[in-house]
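Okay, data-v3.cif now, which holds mmCIF, C-alpha atoms:
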data_start
loop_
_atom_site.label_atom_id
_atom_site.label_comp_id
_atom_site.auth_asym_id
_atom_site.auth_seq_id
_atom_site.Cartn_x
_atom_site.Cartn_y
_atom_site.Cartn_z
CA MET A 145 -10.97 -43.67 31.05
CA THR A 146 -10.28 -41.65 34.12
CA SER A 147 -10.84 -37.91 34.01
CA GLU A 148 -8.39 -37.22 36.83
CA THR A 149 -5.03 -35.58 36.24
CA ALA A 150 -2.34 -38.24 36.20
CA ARG A 151 0.75 -38.02 38.38
CA PRO A 152 4.34 -38.78 37.31
CA VAL A 153 5.60 -42.18 38.36
CA ALA A 154 7.28 -41.69 41.76
CA SER A 155 10.42 -43.64 40.81
CA VAL A 156 11.05 -41.25 37.91
CA ARG A 157 11.16 -38.16 40.13
CA PRO A 158 12.73 -39.05 43.50
CA GLY A 159 13.25 -36.41 46.16
CA PRO A 160 11.75 -32.97 46.73
CA PRO A 161 11.13 -30.54 43.87
CA VAL A 162 13.66 -27.83 43.14
CA ARG A 163 13.05 -24.23 44.13
CA LEU A 164 11.58 -22.17 41.29
CA ASN A 165 11.77 -18.42 40.87
CA ALA A 166 8.60 -16.45 40.15
CA PRO A 167 8.25 -13.08 38.39
CA LEU A 168 7.64 -10.10 40.64
CA PRO A 169 4.07 -8.76 40.76
CA ALA A 170 3.21 -6.26 38.05
CA HIS A 171 1.69 -3.80 40.55
CA ASP A 172 2.54 -2.83 44.12
CA ARG A 173 6.09 -4.11 43.74
CA GLN A 174 8.05 -3.73 46.98
CA ARG A 175 11.71 -2.62 47.05
CA ARG A 176 12.79 -5.16 49.69
CA GLY A 177 16.36 -3.89 49.90
CA GLU A 178 16.64 -3.02 46.23
CA PRO A 179 18.38 0.35 45.63
CA PHE A 180 15.88 3.10 44.79
CA LEU A 181 17.26 3.85 41.31
CA THR A 182 17.40 0.19 40.29
CA HIS A 183 13.88 -0.35 41.63
CA HIS A 184 12.55 2.71 39.79
CA VAL A 185 14.13 1.80 36.44
CA ARG A 186 13.06 -1.84 36.57
CA LYS A 187 9.51 -1.07 37.66
CA THR A 188 9.13 1.61 34.98
CA MET A 189 10.49 -0.67 32.26
CA ALA A 190 8.10 -3.40 33.39
CA ARG A 191 5.23 -0.93 32.89
CA GLY A 192 6.57 -0.21 29.41
CA PHE A 193 5.43 -3.63 28.15
CA ARG A 194 1.76 -4.59 28.45
CA PRO A 195 0.89 -7.57 26.26
CA PRO A 196 -2.22 -9.76 26.67
CA PRO A 197 -1.92 -11.75 29.91
CA SER A 198 -2.17 -15.18 28.30
CA TRP A 199 -1.06 -17.09 25.22
CA SER A 200 -4.27 -19.11 25.35
CA VAL A 201 -6.09 -19.54 22.00
CA PRO A 202 -8.61 -22.08 20.67
CA VAL A 203 -6.87 -25.30 19.71
CA ARG A 204 -7.98 -28.21 17.55
CA TYR A 205 -6.30 -31.47 18.50
CA VAL A 206 -5.85 -33.81 15.55
CA LEU A 207 -5.58 -37.51 16.30
CA PRO A 208 -4.88 -40.26 13.75
CA GLU A 209 -7.34 -43.10 13.82
CA GLY A 210 -6.71 -45.68 11.13
CA PRO A 211 -4.03 -46.71 8.63
CA SER A 212 -5.87 -45.00 5.77
CA GLY A 213 -5.26 -41.62 7.35
CA GLU A 214 -8.68 -40.69 8.68
CA ALA A 215 -8.46 -38.50 11.74
CA ARG A 216 -10.69 -36.99 14.36
CA LEU A 217 -10.65 -33.45 15.68
CA LEU A 218 -10.99 -32.64 19.36
CA SER A 219 -11.41 -29.22 20.92
CA ARG A 220 -10.54 -29.94 24.55
CA ALA A 221 -7.21 -30.76 26.13
CA ARG A 222 -8.75 -33.34 28.46
CA ALA A 223 -10.29 -35.24 25.55
CA ALA A 224 -6.90 -35.28 23.82
CA ALA A 225 -5.21 -36.49 27.03
CA ASP A 226 -7.74 -39.30 27.45
CA ALA A 227 -7.07 -40.44 23.88
CA LEU A 228 -3.27 -40.40 24.45
CA ARG A 229 -3.18 -41.95 27.90
CA THR A 230 -2.32 -45.45 26.65
CA GLY A 231 1.26 -46.27 27.52
CA SER A 232 1.56 -43.73 30.38
CA PRO A 233 4.09 -41.46 28.65
CA VAL A 234 6.83 -39.99 30.82
CA LEU A 235 7.87 -37.37 28.25
CA ALA A 236 5.96 -35.08 25.89
CA LEU A 237 7.94 -34.04 22.80
CA ILE A 238 6.86 -31.10 20.64
CA ALA A 239 7.69 -30.26 17.03
CA PRO A 240 6.33 -26.70 16.52
CA THR A 241 5.97 -25.12 13.07
CA TYR A 242 3.46 -23.11 11.02
CA VAL A 243 1.83 -23.32 7.61
CA SER A 244 3.84 -20.56 5.91
CA ARG A 245 7.12 -22.10 7.05
CA GLY A 246 7.34 -24.09 3.81
CA THR A 247 5.60 -26.68 1.67
CA LEU A 248 4.17 -29.90 3.04
CA ALA A 249 7.04 -31.79 1.39
CA GLU A 250 9.61 -29.59 3.16
CA GLN A 251 7.85 -29.98 6.50
CA ALA A 252 7.67 -33.74 5.99
CA GLU A 253 11.43 -33.81 5.34
CA ARG A 254 12.13 -31.94 8.57
CA LEU A 255 9.71 -34.14 10.54
CA ASP A 256 11.39 -37.27 9.12
CA ALA A 257 14.74 -36.02 10.42
CA LEU A 258 13.22 -35.59 13.89
CA LEU A 259 11.50 -38.99 13.73
CA ASP A 260 14.91 -40.58 13.17
CA ARG A 261 15.95 -39.26 16.58
CA VAL A 262 12.65 -40.11 18.29
CA ALA A 263 12.97 -43.66 16.97
CA GLU A 264 16.15 -44.06 19.05
CA LEU A 265 14.36 -43.42 22.35
CA PRO A 266 12.55 -46.77 22.83
CA ARG A 267 15.86 -48.57 22.24
CA ASP A 268 18.13 -46.31 24.30
CA GLN A 269 15.71 -45.13 27.01
CA PRO A 270 12.98 -47.77 27.35
CA ASP A 271 11.98 -46.49 30.81
CA ALA A 272 10.90 -43.12 29.40
CA PRO A 273 8.09 -43.65 26.87
CA ALA A 274 7.21 -40.51 24.95
CA VAL A 275 4.23 -38.94 23.22
CA LEU A 276 4.88 -36.76 20.17
CA PHE A 277 3.00 -33.54 19.38
CA VAL A 278 3.21 -31.70 16.06
CA GLY A 279 2.07 -28.06 16.27
CA MET A 280 0.91 -26.26 13.13
CA GLN A 281 0.06 -22.56 13.49
CA TRP A 282 -1.96 -20.60 10.94
CA SER A 283 -2.75 -16.93 10.27
CA SER A 284 -5.93 -17.00 8.10
CA ALA A 285 -9.04 -19.09 7.48
CA GLU A 286 -7.46 -20.64 4.39
CA GLU A 287 -4.35 -21.55 6.36
CA GLU A 288 -6.48 -23.02 9.15
CA ASP A 289 -7.95 -25.63 6.81
CA GLU A 290 -4.49 -26.23 5.33
CA SER A 291 -3.02 -26.76 8.80
CA VAL A 292 -5.43 -29.62 9.49
CA ARG A 293 -4.73 -31.16 6.08
CA ARG A 294 -0.98 -31.03 6.68
CA LEU A 295 -1.28 -32.38 10.19
CA ARG A 296 -3.24 -35.37 8.94
CA ALA A 297 -0.51 -36.13 6.40
CA LEU A 298 2.33 -35.64 8.90
CA LEU A 299 0.65 -37.69 11.63
CA LEU A 300 0.04 -40.54 9.22
CA ARG A 301 3.73 -40.39 8.33
CA ALA A 302 4.74 -40.43 12.00
CA ARG A 303 2.39 -43.28 12.81
CA ALA A 304 3.74 -45.38 9.93
CA ARG A 305 7.34 -44.74 11.02
CA LEU A 306 6.80 -45.07 14.78
CA PRO A 307 3.65 -47.09 15.50
CA GLN A 308 4.65 -47.49 19.17
CA VAL A 309 4.78 -43.71 19.81
CA PRO A 310 1.42 -41.93 20.36
CA VAL A 311 1.11 -38.81 18.19
CA CYS A 312 -1.16 -35.78 18.26
CA GLY A 313 -1.39 -32.68 16.08
CA LEU A 314 -2.37 -29.19 17.17
CA SER A 315 -3.94 -26.66 14.82
CA LEU A 316 -4.00 -23.19 16.34
CA PRO A 317 -3.70 -19.51 15.39
CA GLY A 318 -0.27 -17.87 15.53
CA PRO A 319 2.17 -16.34 15.78
CA GLY A 320 4.08 -17.25 18.90
CA LYS A 321 5.71 -20.56 19.81
CA PRO A 322 4.52 -20.21 23.45
CA ARG A 323 0.96 -20.72 22.18
CA THR A 324 1.88 -24.17 20.90
CA LEU A 325 3.97 -24.97 23.97
CA ASN A 326 1.21 -23.95 26.37
CA ALA A 327 -1.38 -26.04 24.52
CA VAL A 328 0.87 -29.10 24.86
CA ILE A 329 1.79 -28.32 28.46
CA GLU A 330 -1.90 -28.49 29.38
CA VAL A 331 -2.22 -31.99 27.87
CA ALA A 332 1.13 -33.12 29.30
CA GLU A 333 0.08 -32.14 32.82
CA LEU A 334 -3.15 -34.09 32.44
CA LEU A 335 -1.10 -37.11 31.30
CA GLY A 336 1.27 -36.75 34.27
CA CYS A 337 4.38 -36.39 32.09
CA ALA A 338 7.55 -35.75 34.08
CA GLY A 339 9.19 -33.74 31.30
CA ILE A 340 8.35 -31.70 28.22
CA GLY A 341 10.78 -31.18 25.35
CA TRP A 342 10.66 -29.30 22.10
CA VAL A 343 12.77 -29.10 18.96
CA ASP A 344 12.55 -26.20 16.51
CA ASP A 345 12.14 -26.93 12.82
CA ASP A 346 15.32 -25.05 11.86
CA VAL A 347 17.80 -27.25 13.72
CA THR A 348 19.28 -30.65 12.88
CA LEU A 349 19.99 -33.14 15.64
CA ASP A 350 22.99 -35.46 15.63
CA PRO A 351 22.26 -39.19 15.99
CA GLY A 352 21.60 -39.96 19.64
CA CYS A 353 20.95 -36.32 20.56
CA LEU A 354 17.48 -36.84 22.04
CA SER A 355 18.51 -40.08 23.75
CA ARG A 356 21.41 -38.33 25.47
CA LEU A 357 19.20 -35.48 26.62
CA VAL A 358 16.73 -37.97 28.09
CA ARG A 359 19.61 -39.92 29.68
CA ASP A 360 20.86 -36.83 31.55
CA PHE A 361 17.33 -35.69 32.39
CA LEU A 362 16.51 -39.06 33.98
CA ALA A 363 19.86 -39.12 35.81
CA ALA A 364 18.97 -35.78 37.41
CA GLY A 365 15.65 -37.14 38.66
CA CYS A 366 13.68 -35.32 35.93
CA ARG A 367 14.50 -31.97 37.55
CA GLY A 368 15.44 -28.66 35.98
CA ALA A 369 16.25 -28.48 32.28
CA VAL A 370 18.76 -30.00 29.88
CA GLY A 371 19.64 -28.71 26.43
CA ALA A 372 21.62 -29.70 23.39
CA THR A 373 25.01 -28.17 22.64
CA LYS A 374 24.52 -25.87 19.64
CA ILE A 375 26.90 -26.06 16.67
CA PRO A 376 26.69 -22.92 14.44
CA HIS A 377 26.92 -22.87 10.65
CA THR A 378 26.96 -19.84 8.35
CA LYS A 379 24.64 -19.04 5.47
CA GLU A 380 25.44 -17.17 2.28
CA PHE A 381 24.66 -13.79 3.87
CA ALA A 382 27.40 -11.41 5.04
CA THR A 383 25.42 -10.86 8.26
CA SER A 384 25.58 -14.60 8.95
CA ARG A 385 29.37 -14.72 8.65
CA LEU A 386 29.85 -11.49 10.62
CA LEU A 387 27.52 -12.51 13.44
CA ALA A 388 29.02 -16.00 13.63
CA ARG A 389 32.50 -14.48 14.02
CA ALA A 390 31.31 -12.05 16.70
CA LYS A 391 29.56 -14.84 18.62
CA ALA A 392 32.69 -16.99 18.50
CA ILE A 393 34.61 -14.19 20.23
CA ALA A 394 32.00 -12.72 22.56
CA ALA A 395 30.43 -16.01 23.74
CA PRO A 396 26.95 -14.54 24.29
CA ALA A 397 24.29 -16.04 26.56
CA THR A 398 24.68 -19.61 25.34
CA ASN A 399 25.82 -21.44 28.46
CA TYR A 400 22.34 -22.62 29.40
CA PRO A 401 19.73 -24.69 27.50
CA HIS A 402 18.16 -22.91 24.54
CA GLY A 403 14.66 -23.43 23.22
CA CYS A 404 15.74 -24.86 19.86
CA CYS A 405 16.34 -28.24 21.56
CA ILE A 406 15.45 -28.51 25.24
CA LEU A 407 13.92 -30.88 27.78
CA VAL A 408 12.29 -29.32 30.86
CA ALA A 409 10.72 -30.70 34.03
CA THR A 410 6.97 -30.24 33.79
CA ASP A 411 6.75 -28.31 37.06
CA VAL A 412 9.03 -25.59 35.63
CA VAL A 413 6.40 -24.66 33.04
CA SER A 414 3.31 -25.81 34.95
CA GLY A 415 0.26 -23.82 33.92
CA GLY A 416 2.03 -22.54 30.81
CA MET A 417 4.17 -19.52 30.08
CA PRO A 418 2.55 -16.15 30.95
CA GLY A 419 1.74 -13.84 28.06
CA ARG A 420 4.58 -11.44 28.93
CA TYR A 421 7.27 -13.89 27.93
CA VAL A 422 8.02 -14.50 24.26
CA SER A 423 11.35 -16.25 24.88
CA ASP A 424 10.74 -19.82 26.02
CA ASP A 425 14.36 -20.48 26.99
CA GLY A 426 14.57 -17.13 28.79
CA TYR A 427 11.54 -18.04 30.90
CA VAL A 428 12.98 -21.46 31.75
CA CYS A 429 16.37 -19.91 32.59
CA PHE A 430 14.96 -17.33 34.99
CA ARG A 431 12.73 -19.93 36.64
CA LEU A 432 15.73 -22.17 37.42
CA LEU A 433 18.73 -19.85 37.84
CA ASP A 434 19.82 -19.90 41.50
CA PRO A 435 22.64 -17.53 42.52
CA ALA A 436 22.63 -19.07 46.01
CA LEU A 437 24.05 -22.35 44.69
CA PRO A 438 27.81 -22.92 44.21
CA ASP A 439 26.93 -23.35 40.53
CA PRO A 440 23.96 -21.06 39.78
CA LEU A 441 23.38 -22.96 36.51
CA ALA A 442 23.35 -26.39 38.20
CA ARG A 443 19.73 -26.98 37.15
CA LEU A 444 20.30 -25.63 33.64
CA ARG A 445 22.59 -28.17 32.03
CA LEU A 446 24.02 -28.39 28.54
CA VAL A 447 24.75 -31.96 27.45
CA PRO A 448 28.13 -31.96 25.62
CA ASP A 449 27.53 -35.13 23.60
CA ALA A 450 23.99 -34.12 22.56
CA ARG A 451 24.61 -31.83 19.61
CA CYS A 452 22.28 -29.87 17.35
CA HIS A 453 23.22 -27.83 14.29
CA TYR A 454 21.80 -24.48 13.23
CA TYR A 455 22.41 -21.62 10.83
CA VAL A 456 23.47 -18.25 12.22
CA ALA A 457 21.36 -15.24 11.24
CA GLY A 458 19.92 -14.42 7.82
CA PRO A 459 19.33 -11.32 5.67
CA ALA A 460 20.34 -8.04 7.35
CA GLY A 461 16.81 -6.70 7.82
CA GLU A 462 15.49 -9.92 9.32
CA THR A 463 18.56 -10.22 11.55
CA ARG A 464 18.08 -6.66 12.83
CA ARG A 465 14.43 -7.33 13.74
CA ARG A 466 15.40 -10.59 15.40
CA ILE A 467 18.09 -8.95 17.52
CA ARG A 468 15.67 -6.20 18.59
CA ARG A 469 13.19 -8.88 19.63
CA LEU A 470 15.93 -10.67 21.56
CA LEU A 471 16.89 -7.45 23.35
CA LEU A 472 13.28 -6.74 24.31
CA ASN A 473 13.02 -10.25 25.74
CA HIS A 474 16.19 -9.69 27.80
CA LEU A 475 14.92 -6.34 29.08
CA VAL A 476 11.52 -7.67 30.10
CA ASP A 477 13.20 -10.51 32.00
CA LEU A 478 15.64 -8.13 33.70
CA ALA A 479 12.70 -5.92 34.73
CA ASP A 480 10.46 -8.72 36.01
CA TRP A 481 12.46 -11.23 38.03
CA PRO A 482 13.97 -11.05 41.54
CA LEU A 483 17.05 -8.84 41.72
CA PRO A 484 19.63 -11.50 42.76
CA VAL A 485 18.66 -13.58 39.73
CA VAL A 486 18.74 -10.52 37.46
CA ARG A 487 22.16 -9.43 38.72
CA HIS A 488 23.71 -12.81 38.09
CA TYR A 489 22.22 -13.07 34.61
CA PHE A 490 23.39 -9.56 33.67
CA ARG A 491 26.92 -9.85 35.08
CA HIS A 492 27.82 -13.46 34.42
CA ILE A 493 25.73 -14.54 31.43
CA LEU A 494 24.45 -11.72 29.24
CA PHE A 495 27.32 -9.26 29.66
CA ALA A 496 30.15 -11.37 31.04
CA GLY A 497 33.41 -9.76 29.90
CA LEU A 498 31.94 -6.25 29.52
CA TRP A 499 34.98 -4.70 31.18
CA PRO A 500 35.05 -2.48 33.23
CA LEU A 501 31.27 -2.72 33.88
CA THR A 502 31.71 -6.44 34.58
CA GLY A 503 34.86 -8.49 35.01
CA PHE A 504 37.54 -8.76 32.33
CA ASP A 505 37.60 -12.17 30.63
CA GLY A 506 41.20 -13.08 29.93
CA THR A 507 40.69 -16.83 29.49
CA GLY A 508 41.60 -16.62 25.80
CA GLY A 509 44.40 -14.12 26.29
CA ARG A 510 44.48 -10.34 26.68
CA ARG A 511 43.80 -9.58 23.02
CA ARG A 512 40.80 -11.91 22.96
CA GLY A 513 39.49 -10.35 26.16
CA ILE A 514 39.71 -6.84 24.67
CA GLN A 515 37.92 -8.01 21.50
CA LYS A 516 35.20 -9.57 23.62
CA ALA A 517 34.76 -6.38 25.66
CA LEU A 518 34.47 -4.24 22.50
CA ILE A 519 31.82 -6.52 20.97
CA LYS A 520 29.94 -6.61 24.26
CA TRP A 521 29.99 -2.79 24.43
CA LEU A 522 28.52 -2.54 20.93
CA TYR A 523 25.80 -4.93 21.96
CA PHE A 524 25.27 -3.05 25.23
CA ALA A 525 24.81 0.22 23.32
CA TRP A 526 21.97 -1.36 21.32
CA PHE A 527 20.61 -2.92 24.52
CA ALA A 528 20.64 0.47 26.29
CA GLY A 529 18.85 2.14 23.36
CA VAL A 530 16.01 -0.38 23.38
CA GLY A 531 15.94 -0.22 27.18
CA THR A 532 15.55 3.55 27.07
CA GLU A 533 12.59 3.16 24.72
CA LEU A 534 10.96 0.69 27.11
CA TYR A 535 11.63 3.00 30.09
CA LEU A 536 10.13 6.03 28.33
CA ARG A 537 7.08 4.02 27.31
CA GLY A 538 6.55 3.07 30.94
CA LEU A 539 7.14 6.63 32.11
CA THR A 540 4.67 8.18 29.63
CA GLY A 541 2.01 5.50 29.88
CA ARG A 542 2.39 4.34 26.26
CA PRO A 543 3.42 0.70 26.72
CA LEU A 544 4.46 -1.65 23.99
CA ARG A 545 1.65 -4.15 23.42
CA ALA A 546 3.57 -6.94 21.70
CA VAL A 547 7.06 -8.01 20.72
CA GLU A 548 7.21 -8.35 16.95
CA TRP A 549 7.59 -11.96 15.86
CA ALA A 550 10.76 -12.16 13.80
CA PRO A 551 11.26 -15.47 12.00
CA TYR A 552 13.71 -15.90 9.17
CA SER A 553 11.92 -16.07 5.81
CA ALA A 554 13.63 -19.25 4.62
CA VAL A 555 14.27 -22.47 6.45
CA HIS A 556 16.91 -24.74 4.97
CA SER A 557 16.52 -28.47 4.69
CA PRO A 558 18.08 -30.50 7.53
CA LEU A 559 21.85 -30.23 7.45
CA THR A 560 23.64 -33.16 5.84
CA PRO A 561 26.78 -34.71 7.37
CA ALA A 562 28.82 -32.76 4.79
CA ASP A 563 27.17 -29.50 5.86
CA GLN A 564 27.87 -30.28 9.51
CA GLU A 565 31.59 -30.70 8.85
CA ARG A 566 31.91 -27.16 7.51
#
Show me, as structure tokens, the structure contained in the file I just sent.
Amino acid sequence: MTSETARPVASVRPGPPVRLNAPLPAHDRQRRGEPFLTHHVRKTMARGFRPPPSWSVPVRYVLPEGPSGEARLLSRARAAADALRTGSPVLALIAPTYVSRGTLAEQAERLDALLDRVAELPRDQPDAPAVLFVGMQWSSAEEEDESVRRLRALLLRARARLPQVPVCGLSLPGPGKPRTLNAVIEVAELLGCAGIGWVDDDVTLDPGCLSRLVRDFLAAGCRGAVGATKIPHTKEFATSRLLARAKAIAAPATNYPHGCCILVATDVVSGGMPGRYVSDDGYVCFRLLDPALPDPLARLRLVPDARCHYYVAGPAGETRRRIRRLLLNHLVDLADWPLPVVRHYFRHILFAGLWPLTGFDGTGGRRRGIQKALIKWLYFAWFAGVGTELYLRGLTGRPLRAVEWAPYSAVHSPLTPADQER
């Protein structure tokens, strides 16, 4: 087998690549027309967060061999790519999870639900063969052995269900979804995949969801990113119902593809996500957002008829930690990227309707616009508090070293049709 990096089939990606934004340098950042105060605040906040530079960790690639379930373990991305090269996959699909996320039976149930959607691809999109990766993170030596055991069982299940789809497992230390994504990105680039997609284990996809994402991705020449339209559902917690109601009014930053179900051109994430960025969809958004276009979100497309279902929030304490993590991600992005991109994201996506700081949104009527502004101001107060902490950390030389990982403790089984109607 060749050891050279494969290239995407030319007919899949016609035309020149799209322009991608890049984060500003961490040091020696130039103002370049940026107002002094804005430059000072953003540069200081950027200094207030100093994580490790890379998400890179040792990875064991698990590959199924025979029908009895024996598997081999590889330690290099190139060896995994050589083993998966048969079929020249156009797309790499990732199902990330971790050992403590549930029992093997629960993880098998969630994988089965995803396999139902993957099984539709060869029929609906025969010109875009895919390779499936299952990521299993661990946090201790005992969990490391368990991760390999579970991967072997899950890969055998996937191979029995979809013998025409190459599959590969990844056992790696966590936490942090970007670690799994970056490990797959390295293999996908070696395979020459045109696109990379991932689906979180806490969402349920409607029939045809993946096929419709691939359809729109191919129609756009495998450029930019496409994402599923998210349908919220409430849990038994008061915070879930309250947050769902607030989101329905305030319409937060949900008008671009989110990382729970997304398909991205490989060049957007080439080389992997840098260690500063915990939010995968935030990184993709800032790479592709272009305020110079008539539609700045033209390369960040939601597909209306590709729907995924999710539960809003969880227990109050976990929800609070998750919102703080989300705010830190927003602040790091607003500190790091070029100012025109940051301004558009702040004014038209994150805080659209924050009147009078941004424009008044009267599309749902005056009363609805006032409600939206009030909710946005509450959120902005929390945002400003966390931003002040980040600024002071940068000013005093005591940077934050990591953003706390904040998963919800329980993951429900895939939503049934009855659940989805509620």
Evaluate the PyMOL selection byres ((chain A and resi 371) around 7) against this structure - the residues, as a compact mmCIF listing (two decimals) with C-alpha atoms, in the frame of the given file, please.
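And here's out.txt as it stands now:
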# COMPACT_ATOMS: atom_id res chain seq x y z
CA LEU A 357 19.20 -35.48 26.62
CA ALA A 369 16.25 -28.48 32.28
CA VAL A 370 18.76 -30.00 29.88
CA ALA A 372 21.62 -29.70 23.39
CA THR A 373 25.01 -28.17 22.64
CA PRO A 401 19.73 -24.69 27.50
CA HIS A 402 18.16 -22.91 24.54
CA CYS A 405 16.34 -28.24 21.56
CA ILE A 406 15.45 -28.51 25.24
CA LEU A 407 13.92 -30.88 27.78
CA ARG A 445 22.59 -28.17 32.03
CA LEU A 446 24.02 -28.39 28.54
CA VAL A 447 24.75 -31.96 27.45
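What separates atom CA of Gly538 of chain A from atom CA of Gly416 of chain A is a distance of 26.0 Å.
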For the file shown, what are the residues hit by the PyMOL selection byres ((chain A and resi 498) around 10), laid out as a count of residues only?
25
Arg303 of chain A: which residues within 10 Å, counting all atoms listed in the file, same-chain residues fewer than 2 positions away excluded, as a list in words?
Pro208, Glu209, Gly210, Pro211, Gly213, Leu298, Leu299, Leu300, Arg301, Arg305, Leu306, Pro307, Gln308, Val309, Pro310, Val311 and Cys312 of chain A
Pull C-alpha atoms from the residues just selected and write them as a short mmCIF file (atom, residue, chain, number, x, y, z; two decimals), in the coordinates of the input.
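So result-v6.cif came out as:
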data_model
loop_
_atom_site.label_atom_id
_atom_site.label_comp_id
_atom_site.auth_asym_id
_atom_site.auth_seq_id
_atom_site.Cartn_x
_atom_site.Cartn_y
_atom_site.Cartn_z
CA PRO A 208 -4.88 -40.26 13.75
CA GLU A 209 -7.34 -43.10 13.82
CA GLY A 210 -6.71 -45.68 11.13
CA PRO A 211 -4.03 -46.71 8.63
CA GLY A 213 -5.26 -41.62 7.35
CA LEU A 298 2.33 -35.64 8.90
CA LEU A 299 0.65 -37.69 11.63
CA LEU A 300 0.04 -40.54 9.22
CA ARG A 301 3.73 -40.39 8.33
CA ARG A 305 7.34 -44.74 11.02
CA LEU A 306 6.80 -45.07 14.78
CA PRO A 307 3.65 -47.09 15.50
CA GLN A 308 4.65 -47.49 19.17
CA VAL A 309 4.78 -43.71 19.81
CA PRO A 310 1.42 -41.93 20.36
CA VAL A 311 1.11 -38.81 18.19
CA CYS A 312 -1.16 -35.78 18.26
#
Report, as lines of an AutoDock Vina configuration file, the axis-aligned box around all atoms of segment 372-383 of chain A present in the file, extended by 8 Å on each side; give centre and edge lengths in Å to one decimal place.
center_x = 24.5
center_y = -20.3
center_z = 12.8
size_x = 21.8
size_y = 34.8
size_z = 37.1
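Atom pair atom CA of Arg385 of chain A / atom CA of Arg464 of chain A: separated by 14.5 Å.
For the atom pair formed by atom CA of Val292 of chain A and atom CA of Leu314 of chain A, the distance is 8.3 Å, given to one decimal.
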Apply the PyMOL selection byres ((chain A and resi 421) around 12) to the displayed file and report the matching residues as a PDB file with C-alpha atoms, in the frame of the given file.
ATOM      1  CA  PRO A 167       8.250 -13.080  38.390  1.00  0.00           C
ATOM      2  CA  ALA A 190       8.100  -3.400  33.390  1.00  0.00           C
ATOM      3  CA  PHE A 193       5.430  -3.630  28.150  1.00  0.00           C
ATOM      4  CA  ARG A 194       1.760  -4.590  28.450  1.00  0.00           C
ATOM      5  CA  PRO A 195       0.890  -7.570  26.260  1.00  0.00           C
ATOM      6  CA  PRO A 196      -2.220  -9.760  26.670  1.00  0.00           C
ATOM      7  CA  PRO A 197      -1.920 -11.750  29.910  1.00  0.00           C
ATOM      8  CA  SER A 198      -2.170 -15.180  28.300  1.00  0.00           C
ATOM      9  CA  TRP A 199      -1.060 -17.090  25.220  1.00  0.00           C
ATOM     10  CA  GLY A 320       4.080 -17.250  18.900  1.00  0.00           C
ATOM     11  CA  LYS A 321       5.710 -20.560  19.810  1.00  0.00           C
ATOM     12  CA  PRO A 322       4.520 -20.210  23.450  1.00  0.00           C
ATOM     13  CA  ARG A 323       0.960 -20.720  22.180  1.00  0.00           C
ATOM     14  CA  ASN A 326       1.210 -23.950  26.370  1.00  0.00           C
ATOM     15  CA  VAL A 413       6.400 -24.660  33.040  1.00  0.00           C
ATOM     16  CA  GLY A 416       2.030 -22.540  30.810  1.00  0.00           C
ATOM     17  CA  MET A 417       4.170 -19.520  30.080  1.00  0.00           C
ATOM     18  CA  PRO A 418       2.550 -16.150  30.950  1.00  0.00           C
ATOM     19  CA  GLY A 419       1.740 -13.840  28.060  1.00  0.00           C
ATOM     20  CA  ARG A 420       4.580 -11.440  28.930  1.00  0.00           C
ATOM     21  CA  VAL A 422       8.020 -14.500  24.260  1.00  0.00           C
ATOM     22  CA  SER A 423      11.350 -16.250  24.880  1.00  0.00           C
ATOM     23  CA  ASP A 424      10.740 -19.820  26.020  1.00  0.00           C
ATOM     24  CA  ASP A 425      14.360 -20.480  26.990  1.00  0.00           C
ATOM     25  CA  GLY A 426      14.570 -17.130  28.790  1.00  0.00           C
ATOM     26  CA  TYR A 427      11.540 -18.040  30.900  1.00  0.00           C
ATOM     27  CA  VAL A 428      12.980 -21.460  31.750  1.00  0.00           C
ATOM     28  CA  CYS A 429      16.370 -19.910  32.590  1.00  0.00           C
ATOM     29  CA  PHE A 430      14.960 -17.330  34.990  1.00  0.00           C
ATOM     30  CA  ARG A 431      12.730 -19.930  36.640  1.00  0.00           C
ATOM     31  CA  ARG A 469      13.190  -8.880  19.630  1.00  0.00           C
ATOM     32  CA  LEU A 470      15.930 -10.670  21.560  1.00  0.00           C
ATOM     33  CA  LEU A 472      13.280  -6.740  24.310  1.00  0.00           C
ATOM     34  CA  ASN A 473      13.020 -10.250  25.740  1.00  0.00           C
ATOM     35  CA  HIS A 474      16.190  -9.690  27.800  1.00  0.00           C
ATOM     36  CA  LEU A 475      14.920  -6.340  29.080  1.00  0.00           C
ATOM     37  CA  VAL A 476      11.520  -7.670  30.100  1.00  0.00           C
ATOM     38  CA  ASP A 477      13.200 -10.510  32.000  1.00  0.00           C
ATOM     39  CA  LEU A 478      15.640  -8.130  33.700  1.00  0.00           C
ATOM     40  CA  ALA A 479      12.700  -5.920  34.730  1.00  0.00           C
ATOM     41  CA  ASP A 480      10.460  -8.720  36.010  1.00  0.00           C
ATOM     42  CA  TRP A 481      12.460 -11.230  38.030  1.00  0.00           C
ATOM     43  CA  ALA A 546       3.570  -6.940  21.700  1.00  0.00           C
ATOM     44  CA  VAL A 547       7.060  -8.010  20.720  1.00  0.00           C
TER      45      VAL A 547
END
Residues of segment 286-341 of chain A within 6 Å of segment 235-257 of chain A: nearest atom pair and distance (Å, one decimal) for each, counting only C-alpha atoms, sorted by chain and number, as CSV?
residue,atom,partner,partner_atom,distance
A:Cys337,CA,A:Leu235,CA,5.3
A:Gly339,CA,A:Leu235,CA,4.9
A:Ile340,CA,A:Ala236,CA,4.8
A:Gly341,CA,A:Leu237,CA,4.8
